[in-house]
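S.K.: First, the structure itself, so that you have it in front of you.
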Amino acid sequence: MSDGSNFFNVEKPRSKSGLNISAFYTYLRSQLSALLATVTDFVVTIICKEGIGIWYVHSVAIGAAVGALTAFLLNRNWVFKVQDKSVKQQALRYVLVAGGSWLLNISGVYLLTESIGISYLYSKVVVSILIGLSFNFILAKRFVFV
């Protein structure tokens with residue numbers, strides 16, 4: 001079980017080198033989950049903007065919301081495997097984290113697009129990577145799916 005002292009949550013089994021195998025696979029699953037949620041986010045964003053003609057900021061908001069829902073379902077049921085915990089409590093915590101991520105994504109894309117004058121898609125790639133690496137996994141692991 002966990003003693004809470006390690007970012008990856010100390011669990012058995014360990015390899016000969018001391019690597020926490022279970023935690024490593026959890027991290028890999030989280031990265032695949034993030035990739036799938038990001039692809040969903042981008043597809044929805046592009047459909048909204050290019051296919052339907054919705055303003056890019058609103059398209060980014062819709063895509064991020066659908067991506068967040070995808071990530072929640074994958075994280076709960078596959079990455080962290082915590083179906084035995086209260087879905088209401090997890091959902092409430094996830095809404096707080098996803099809301100922060102959502103606002104950071106929208107603001108970041110708008111600021112980069114408007115201040116530098118690059119395509120919203122390039123802005124979205126940069127912002128998504130930064131937020132994903134610095135915000136989402138840590139809060140999901142330490143706050144939402146505990």
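Labels for the structure tokens follow display order: chains A, B, ..., residues from 1 in each chain, ligands from 1.
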Write down as a VMD selection string the residues belonging to chain A that are assigned alpha helix (DSSP H) by DSSP computed on the backbone.
M.R.: chain A and resid 21 to 46 56 to 74 87 to 116 120 to 131 137 to 139
S.K.: If we count only C-alpha atoms and set the cut-off at 10 Å, which residues sit around Val95 in chain A, ignoring sequence neighbours fewer than 5 positions away in its own chain? Please answer as a PDB file with C-alpha atoms, in the first residue's frame.
M.R.:
ATOM      1  CA  ALA A  68     -11.969  16.213 -19.429  1.00  0.00           C
ATOM      2  CA  LEU A  69     -14.978  13.887 -19.283  1.00  0.00           C
ATOM      3  CA  PHE A  72     -12.243  11.240 -15.847  1.00  0.00           C
ATOM      4  CA  GLN A  89     -16.650  12.733  -4.286  1.00  0.00           C
ATOM      5  CA  GLN A  90     -14.267  11.930  -7.131  1.00  0.00           C
ATOM      6  CA  GLY A 100      -8.767  24.880 -13.329  1.00  0.00           C
ATOM      7  CA  SER A 101      -7.281  23.032 -16.280  1.00  0.00           C
ATOM      8  CA  TRP A 102     -10.131  24.223 -18.509  1.00  0.00           C
ATOM      9  CA  VAL A 144      -8.987  13.324  -7.131  1.00  0.00           C
TER      10      VAL A 144
END
S.K.: Counting only C-alpha atoms, what are the residues of range 9-82 of chain A within 10 Å of range 115-133 of chain A, and for each of them which pair of atoms is the nearest and at what distance in Å, to one decimal? Sort the table by chain and rising number, as a tab-separated table.
M.R.:
residue	atom	partner	partner_atom	distance
A:Gln31	CA	A:Gly132	CA	9.4
A:Ala34	CA	A:Gly132	CA	7.8
A:Leu35	CA	A:Gly132	CA	9.8
A:Thr38	CA	A:Ser128	CA	8.0
A:Asp41	CA	A:Ser128	CA	9.9
A:Phe42	CA	A:Leu121	CA	8.5
A:Thr45	CA	A:Leu121	CA	9.1
A:Ile46	CA	A:Leu121	CA	8.5
A:Lys49	CA	A:Tyr120	CA	10.0
A:Tyr56	CA	A:Tyr120	CA	7.0
A:Val57	CA	A:Tyr120	CA	8.4
A:Val60	CA	A:Lys124	CA	8.0
A:Ala64	CA	A:Ser128	CA	9.6
S.K.: Using only C-alpha atoms, which protein or nucleic acid residues come within 12 Å of Trp78 in chain A? Drop anything in the same chain fewer than 6 positions from it, and give the result as number ranges by chain.
M.R.: A: 25-34, 70-72, 145
S.K.: Have a look at CA of Lys81 in chain A and CA of Asn136 in chain A and let me know their distance in Å, one decimal.
M.R.: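 So the answer is 17.1 Å.
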S.K.: Measuring atom to atom with only C-alpha atoms, identify which of A:Ile138, A:Phe80, A:Ile106, A:Leu92 is nearest to Gly63 in chain A.
M.R.: A:Ile106
S.K.: What gap, in Å, lies between CA of Ile54 in chain A and CA of Phe135 in chain A?
M.R.: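 Going from CA of Ile54 in chain A over to CA of Phe135 in chain A covers 27.6 Å.
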S.K.: Taking into account only C-alpha atoms, which residue in the set A:Asn75, A:Gln83, A:Asn105, A:Ser22 is nearest to Lys141 in chain A?
M.R.: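 Counting only C-alpha atoms, the residue closest to Lys141 in chain A is A:Asn75.
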S.K.: Distance CA of Leu73 in chain A-CA of Cys48 in chain A, one decimal place?
M.R.: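 These atoms are spaced 22.4 Å apart.
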